[in-house]
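Note: the block below is run.csv and it holds CSV, C-alpha atoms.
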chain,number,residue,atom,x,y,z
A,1,MET,CA,0.0,0.0,0.0
A,2,ALA,CA,3.0,2.3,0.3
A,3,ALA,CA,3.2,3.4,-3.3
A,4,VAL,CA,-0.6,3.8,-3.5
A,5,ALA,CA,-1.2,5.9,-0.5
A,6,ALA,CA,-1.8,9.5,-1.7
A,7,THR,CA,-3.0,9.8,1.9
A,8,ASN,CA,-0.6,10.6,4.6
A,9,PRO,CA,-1.1,9.0,8.0
A,10,SER,CA,-1.6,12.3,9.8
A,11,GLN,CA,-5.0,12.9,8.4
A,12,LEU,CA,-8.3,11.5,9.4
A,13,LEU,CA,-9.4,8.3,7.6
A,14,PRO,CA,-13.1,8.1,7.1
A,15,LEU,CA,-13.5,4.5,8.4
A,16,GLU,CA,-11.4,5.3,11.4
A,17,LEU,CA,-13.8,8.0,12.3
A,18,VAL,CA,-16.7,5.6,12.0
A,19,ASP,CA,-14.8,3.1,14.1
A,20,LYS,CA,-14.4,5.6,16.9
A,21,CYS,CA,-18.1,6.0,16.8
A,22,ILE,CA,-18.8,2.4,17.8
A,23,GLY,CA,-20.8,2.5,21.0
A,24,SER,CA,-22.2,5.9,20.5
A,25,ARG,CA,-25.2,7.4,18.6
A,26,ILE,CA,-24.8,7.8,14.9
A,27,HIS,CA,-27.1,9.4,12.4
A,28,ILE,CA,-27.1,7.8,8.9
A,29,VAL,CA,-28.4,9.6,5.9
A,30,MET,CA,-29.5,7.4,2.9
A,31,LYS,CA,-29.5,8.3,-0.7
A,32,ASN,CA,-33.2,8.8,-0.7
A,33,ASP,CA,-35.1,10.7,1.9
A,34,LYS,CA,-34.6,8.3,4.7
A,35,GLU,CA,-32.5,8.7,7.8
A,36,ILE,CA,-31.6,6.3,10.6
A,37,VAL,CA,-30.5,7.2,14.1
A,38,GLY,CA,-29.1,4.5,16.4
A,39,THR,CA,-26.3,3.2,18.5
A,40,LEU,CA,-23.5,1.9,16.4
A,41,LEU,CA,-22.5,-1.7,17.3
A,42,GLY,CA,-20.3,-2.4,14.3
A,43,PHE,CA,-19.7,-2.3,10.6
A,44,ASP,CA,-17.9,-4.2,7.9
A,45,ASP,CA,-15.8,-3.4,4.9
A,46,PHE,CA,-18.8,-2.5,2.8
A,47,VAL,CA,-20.1,-0.3,5.6
A,48,ASN,CA,-23.1,-2.4,6.2
A,49,MET,CA,-24.0,-1.4,9.8
A,50,VAL,CA,-25.3,-3.1,12.9
A,51,LEU,CA,-27.4,-0.6,14.9
A,52,GLU,CA,-29.4,-0.7,18.1
A,53,ASP,CA,-32.3,1.3,19.5
A,54,VAL,CA,-33.0,2.6,16.1
A,55,THR,CA,-35.3,5.4,15.0
A,56,GLU,CA,-36.2,5.6,11.3
A,57,PHE,CA,-37.1,9.0,9.8
A,58,GLU,CA,-38.8,9.7,6.5
A,59,ILE,CA,-38.0,13.3,5.6
A,60,THR,CA,-40.6,14.2,3.1
A,61,PRO,CA,-43.9,13.2,4.7
A,62,GLU,CA,-42.6,15.2,7.7
A,63,GLY,CA,-42.4,12.9,10.7
A,64,ARG,CA,-40.8,10.1,12.5
A,65,ARG,CA,-41.7,6.8,11.1
A,66,ILE,CA,-40.9,3.7,13.1
A,67,THR,CA,-39.0,3.2,16.3
A,68,LYS,CA,-37.3,-0.2,16.3
A,69,LEU,CA,-35.5,-1.7,19.2
A,70,ASP,CA,-33.2,-4.8,19.3
A,71,GLN,CA,-30.7,-4.7,16.6
A,72,ILE,CA,-30.9,-4.0,12.9
A,73,LEU,CA,-28.6,-4.7,10.0
A,74,LEU,CA,-28.5,-1.7,7.7
A,75,ASN,CA,-27.5,-2.5,4.2
A,76,GLY,CA,-24.6,-0.2,3.2
A,77,ASN,CA,-25.7,0.0,-0.4
A,78,ASN,CA,-27.7,3.1,0.1
A,79,ILE,CA,-25.8,5.0,2.7
A,80,THR,CA,-24.7,8.5,1.7
A,81,MET,CA,-23.6,10.1,4.9
A,82,LEU,CA,-22.7,9.1,8.5
A,83,ILE,CA,-22.9,11.7,11.2
A,84,PRO,CA,-21.3,10.6,14.5
A,85,GLY,CA,-23.2,11.7,17.6
A,86,GLY,CA,-26.0,13.0,15.4
A,87,GLU,CA,-29.5,13.1,16.8
A,88,GLY,CA,-31.3,13.1,13.5
A,89,PRO,CA,-33.7,15.7,12.0
A,90,GLU,CA,-35.4,17.9,14.5
A,91,VAL,CA,-39.0,17.2,14.1
B,1,MET,CA,-2.3,-9.7,-17.3
B,2,ALA,CA,1.0,-9.1,-15.5
B,3,ASP,CA,0.4,-5.4,-16.0
B,4,LYS,CA,-2.8,-5.5,-14.2
B,5,ASP,CA,-1.2,-7.1,-11.2
B,6,LYS,CA,1.4,-4.4,-11.0
B,7,LYS,CA,-1.1,-1.5,-11.3
B,8,LYS,CA,-3.0,-2.3,-8.1
B,9,LYS,CA,-5.2,0.7,-7.0
B,10,GLU,CA,-3.7,3.9,-8.3
B,11,SER,CA,-5.9,6.9,-7.8
B,12,ILE,CA,-6.3,9.1,-10.9
B,13,PHE,CA,-6.9,12.1,-8.7
B,14,ASP,CA,-5.0,13.3,-5.7
B,15,LEU,CA,-7.3,14.7,-3.0
B,16,SER,CA,-4.6,15.7,-0.7
B,17,LYS,CA,-4.4,19.1,-2.3
B,18,TYR,CA,-7.9,19.7,-1.1
B,19,ILE,CA,-7.3,18.9,2.5
B,20,ASP,CA,-8.4,21.7,4.8
B,21,LYS,CA,-10.1,23.4,1.8
B,22,HIS,CA,-13.8,24.0,1.5
B,23,ILE,CA,-15.2,21.7,-1.1
B,24,ARG,CA,-18.6,20.9,-2.6
B,25,VAL,CA,-19.7,17.3,-3.0
B,26,LYS,CA,-22.6,15.9,-5.0
B,27,PHE,CA,-24.2,12.5,-4.4
B,28,GLN,CA,-26.3,10.0,-6.2
B,29,GLY,CA,-29.9,10.7,-5.4
B,30,GLY,CA,-29.5,14.5,-5.7
B,31,ARG,CA,-28.1,15.4,-2.3
B,32,GLU,CA,-25.4,18.1,-2.2
B,33,ALA,CA,-23.1,19.0,0.7
B,34,SER,CA,-20.2,21.3,1.3
B,35,GLY,CA,-17.6,21.3,4.0
B,36,VAL,CA,-13.9,21.3,4.8
B,37,LEU,CA,-12.1,18.2,3.7
B,38,LYS,CA,-10.4,16.6,6.6
B,39,GLY,CA,-9.7,13.1,5.3
B,40,PHE,CA,-10.3,10.6,2.6
B,41,ASP,CA,-9.3,7.2,1.4
B,42,PRO,CA,-8.7,5.5,-2.0
B,43,LEU,CA,-12.3,4.4,-2.2
B,44,LEU,CA,-13.3,8.1,-2.0
B,45,ASN,CA,-14.9,8.0,1.4
B,46,LEU,CA,-14.6,11.5,2.7
B,47,VAL,CA,-14.4,13.2,6.1
B,48,LEU,CA,-16.0,16.7,6.0
B,49,ASP,CA,-16.1,19.2,8.8
B,50,GLY,CA,-18.6,21.9,9.3
B,51,THR,CA,-20.8,20.3,6.7
B,52,ILE,CA,-23.8,22.0,5.3
B,53,GLU,CA,-26.3,19.8,3.4
B,54,TYR,CA,-28.4,21.1,0.6
B,55,MET,CA,-31.5,19.1,-0.4
B,56,ARG,CA,-33.4,19.3,-3.7
B,57,ASP,CA,-37.2,19.3,-3.6
B,58,PRO,CA,-39.7,19.0,-6.4
B,59,ASP,CA,-40.6,22.7,-6.1
B,60,ASP,CA,-37.1,23.6,-5.1
B,61,GLN,CA,-35.6,22.2,-8.3
B,62,TYR,CA,-32.2,23.8,-8.3
B,63,LYS,CA,-32.7,26.6,-5.8
B,64,LEU,CA,-30.5,25.2,-3.1
B,65,THR,CA,-31.0,28.1,-0.7
B,66,GLU,CA,-33.9,26.4,1.2
B,67,ASP,CA,-33.5,23.4,3.3
B,68,THR,CA,-29.9,23.6,4.3
B,69,ARG,CA,-28.8,21.7,7.4
B,70,GLN,CA,-25.7,22.1,9.5
B,71,LEU,CA,-24.3,18.6,10.0
B,72,GLY,CA,-20.9,19.2,11.5
B,73,LEU,CA,-18.4,16.4,11.2
B,74,VAL,CA,-19.6,13.8,8.7
B,75,VAL,CA,-18.3,10.8,6.8
B,76,CYS,CA,-19.4,10.7,3.1
B,77,ARG,CA,-19.6,7.3,1.4
B,78,GLY,CA,-17.4,7.1,-1.6
B,79,THR,CA,-19.9,4.7,-3.3
B,80,SER,CA,-22.4,7.6,-3.3
B,81,VAL,CA,-20.2,10.4,-4.4
B,82,VAL,CA,-20.5,11.6,-8.0
B,83,LEU,CA,-18.7,14.9,-8.0
B,84,ILE,CA,-16.2,16.8,-6.0
B,85,CYS,CA,-15.2,20.4,-6.7
B,86,PRO,CA,-13.8,23.4,-4.8
B,87,HIS,CA,-16.6,25.4,-3.1
B,88,ASP,CA,-15.5,28.5,-5.0
B,89,GLY,CA,-15.2,26.7,-8.2
B,90,MET,CA,-18.8,27.0,-9.2
B,91,GLU,CA,-21.2,29.8,-9.9
B,92,ALA,CA,-24.7,30.0,-11.1
B,93,ILE,CA,-25.1,31.4,-14.6
B,94,PRO,CA,-28.2,32.4,-16.6
B,95,ASN,CA,-29.4,29.5,-18.8
B,96,PRO,CA,-27.3,29.5,-22.0
B,97,PHE,CA,-29.7,27.3,-23.8
B,98,ILE,CA,-32.8,29.5,-23.9
B,99,GLN,CA,-32.0,30.8,-27.5
B,100,GLN,CA,-34.2,28.1,-29.1
B,101,GLN,CA,-37.4,30.3,-29.3
B,102,ASP,CA,-36.6,31.9,-32.7
B,103,GLY,CA,-37.0,30.3,-36.2
Show the structure stored in the file as structure tokens.
Amino acid sequence: MAAVAATNPSQLLPLELVDKCIGSRIHIVMKNDKEIVGTLLGFDDFVNMVLEDVTEFEITPEGRRITKLDQILLNGNNITMLIPGGEGPEV
Amino acid sequence: MADKDKKKKESIFDLSKYIDKHIRVKFQGGREASGVLKGFDPLLNLVLDGTIEYMRDPDDQYKLTEDTRQLGLVVCRGTSVVLICPHDGMEAIPNPFIQQQDG
């Protein structure tokens, strides 16, 4: 990886930041108008995520949609942004 | 085939010159965000600080000024990124294609 790295080690790697967020609240913004807030339990190379105590928000119809407990596996295919410590849209 | 083995994963674009600069990012699905680039990886995942998100609506079209949100420190998924440019590198211009009315 030495020749490839245009990135120097002193900057912040995105997946490192996500890793630091394990155990705390995270706010996930999908490609469409859906957002998920939950406690991050873990993720994999594809950034599929395991979350707990999850609230799902649908932005257009204006309002919280479902509150799910236990754990969910969120498919990383549609994830656009991850916001550590985020509380979600204020509605 | 031997060439392919040697090539590995070379980036065609060096993002390190954008570090600590304000950039604008567009995503699949129509979302746009801007913020200061704090980090990235070869897969184009980004770390943006002081992020502002702009969202497109049916009536909003390309207005952008409405519905901006402050997001703070975010990670953007490289799989979703379609465009990266300097925040100052864009300006709105009047539609250059409207000439079609004559003839």
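Here the question is which of A:Glu35, A:Glu52, A:Phe57, A:Gly42 gets nearest to Gln71 of chain A using all atoms listed in the file, and that residue is A:Glu52.
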From (-17.8, -5.9, 6.6), in the file's coordinates, out to 12 Å: which residues are reached, counting all atoms listed in the file? Answer as a PDB file with C-alpha atoms, in the coordinates of the input.
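Saved file point_19.pdb follows:
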ATOM      1  CA  LEU A  15     -13.500   4.500   8.400  1.00  0.00           C
ATOM      2  CA  GLY A  42     -20.300  -2.400  14.300  1.00  0.00           C
ATOM      3  CA  PHE A  43     -19.700  -2.300  10.600  1.00  0.00           C
ATOM      4  CA  ASP A  44     -17.900  -4.200   7.900  1.00  0.00           C
ATOM      5  CA  ASP A  45     -15.800  -3.400   4.900  1.00  0.00           C
ATOM      6  CA  PHE A  46     -18.800  -2.500   2.800  1.00  0.00           C
ATOM      7  CA  VAL A  47     -20.100  -0.300   5.600  1.00  0.00           C
ATOM      8  CA  ASN A  48     -23.100  -2.400   6.200  1.00  0.00           C
ATOM      9  CA  MET A  49     -24.000  -1.400   9.800  1.00  0.00           C
ATOM     10  CA  VAL A  50     -25.300  -3.100  12.900  1.00  0.00           C
ATOM     11  CA  LEU A  73     -28.600  -4.700  10.000  1.00  0.00           C
ATOM     12  CA  LEU A  74     -28.500  -1.700   7.700  1.00  0.00           C
ATOM     13  CA  ASN A  75     -27.500  -2.500   4.200  1.00  0.00           C
ATOM     14  CA  GLY A  76     -24.600  -0.200   3.200  1.00  0.00           C
TER      15      GLY A  76
END
Identify the residues around (-16.9, 26.5, 9.1) within a radius of 12 Å, measuring from only C-alpha atoms in the coordinates stated by the file, and give them as a ChimeraX atom specification. /B:20-23,34-37,48-52,70-73
Would you save the residues of that selection, restricted to C-alpha atoms, as an mmCIF file, in the frame of the given file?
data_model
loop_
_atom_site.group_PDB
_atom_site.id
_atom_site.type_symbol
_atom_site.label_atom_id
_atom_site.label_comp_id
_atom_site.auth_asym_id
_atom_site.auth_seq_id
_atom_site.Cartn_x
_atom_site.Cartn_y
_atom_site.Cartn_z
ATOM 1 C CA ASP B 20 -8.400 21.700 4.800
ATOM 2 C CA LYS B 21 -10.100 23.400 1.800
ATOM 3 C CA HIS B 22 -13.800 24.000 1.500
ATOM 4 C CA ILE B 23 -15.200 21.700 -1.100
ATOM 5 C CA SER B 34 -20.200 21.300 1.300
ATOM 6 C CA GLY B 35 -17.600 21.300 4.000
ATOM 7 C CA VAL B 36 -13.900 21.300 4.800
ATOM 8 C CA LEU B 37 -12.100 18.200 3.700
ATOM 9 C CA LEU B 48 -16.000 16.700 6.000
ATOM 10 C CA ASP B 49 -16.100 19.200 8.800
ATOM 11 C CA GLY B 50 -18.600 21.900 9.300
ATOM 12 C CA THR B 51 -20.800 20.300 6.700
ATOM 13 C CA ILE B 52 -23.800 22.000 5.300
ATOM 14 C CA GLN B 70 -25.700 22.100 9.500
ATOM 15 C CA LEU B 71 -24.300 18.600 10.000
ATOM 16 C CA GLY B 72 -20.900 19.200 11.500
ATOM 17 C CA LEU B 73 -18.400 16.400 11.200
#
Once you count all atoms listed in the file, which residues of chain B turn out to be within 10 Å of chain A? Could you give them as a short mmCIF file (atom, residue, chain, number, x, y, z; two decimals) with C-alpha atoms, keeping the file's coordinate frame?
data_model
loop_
_atom_site.label_atom_id
_atom_site.label_comp_id
_atom_site.auth_asym_id
_atom_site.auth_seq_id
_atom_site.Cartn_x
_atom_site.Cartn_y
_atom_site.Cartn_z
CA LYS B 7 -1.10 -1.50 -11.30
CA LYS B 8 -3.00 -2.30 -8.10
CA LYS B 9 -5.20 0.70 -7.00
CA GLU B 10 -3.70 3.90 -8.30
CA SER B 11 -5.90 6.90 -7.80
CA PHE B 13 -6.90 12.10 -8.70
CA ASP B 14 -5.00 13.30 -5.70
CA LEU B 15 -7.30 14.70 -3.00
CA SER B 16 -4.60 15.70 -0.70
CA LYS B 17 -4.40 19.10 -2.30
CA ILE B 19 -7.30 18.90 2.50
CA PHE B 27 -24.20 12.50 -4.40
CA GLN B 28 -26.30 10.00 -6.20
CA GLY B 29 -29.90 10.70 -5.40
CA GLY B 30 -29.50 14.50 -5.70
CA ARG B 31 -28.10 15.40 -2.30
CA ALA B 33 -23.10 19.00 0.70
CA LEU B 37 -12.10 18.20 3.70
CA LYS B 38 -10.40 16.60 6.60
CA GLY B 39 -9.70 13.10 5.30
CA PHE B 40 -10.30 10.60 2.60
CA ASP B 41 -9.30 7.20 1.40
CA PRO B 42 -8.70 5.50 -2.00
CA LEU B 44 -13.30 8.10 -2.00
CA ASN B 45 -14.90 8.00 1.40
CA LEU B 46 -14.60 11.50 2.70
CA VAL B 47 -14.40 13.20 6.10
CA LEU B 48 -16.00 16.70 6.00
CA THR B 51 -20.80 20.30 6.70
CA MET B 55 -31.50 19.10 -0.40
CA ASP B 57 -37.20 19.30 -3.60
CA ARG B 69 -28.80 21.70 7.40
CA LEU B 71 -24.30 18.60 10.00
CA GLY B 72 -20.90 19.20 11.50
CA LEU B 73 -18.40 16.40 11.20
CA VAL B 74 -19.60 13.80 8.70
CA VAL B 75 -18.30 10.80 6.80
CA CYS B 76 -19.40 10.70 3.10
CA ARG B 77 -19.60 7.30 1.40
CA GLY B 78 -17.40 7.10 -1.60
CA THR B 79 -19.90 4.70 -3.30
CA SER B 80 -22.40 7.60 -3.30
CA VAL B 81 -20.20 10.40 -4.40
#
What does the structure give for the distance between atom CA of Met90 of chain B and atom CA of Tyr54 of chain B, in Å to one decimal? 14.9 Å
Between atom CA of Gly38 of chain A and atom CA of Ser24 of chain A, distance in Å (one decimal): 8.1 Å
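Note that atom CA of Asp19 of chain A and atom CA of Cys85 of chain B are 27.1 Å apart.
In terms of minimum interatomic distance to Glu87 of chain A, A:Val37 ranks closest within A:Gly23, A:Leu69, A:Ile59, A:Val37, counting all atoms listed in the file.
Shortest separation to Ile66 of chain A among A:Ile26, A:Leu51, A:Ile36, A:Cys21 occurs at residue A:Ile36, atoms counted being all atoms listed in the file.
Omitting Arg65 of chain A and its sequence neighbours fewer than 5 positions away, and counting all atoms listed in the file, the residues within 8 Å are A:Thr55, A:Glu56, A:Phe57, A:Glu58.
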Could you write those residues out with C-alpha atoms, as a PDB file, in the coordinates of the input?
ATOM      1  CA  THR A  55     -35.300   5.400  15.000  1.00  0.00           C
ATOM      2  CA  GLU A  56     -36.200   5.600  11.300  1.00  0.00           C
ATOM      3  CA  PHE A  57     -37.100   9.000   9.800  1.00  0.00           C
ATOM      4  CA  GLU A  58     -38.800   9.700   6.500  1.00  0.00           C
TER       5      GLU A  58
END
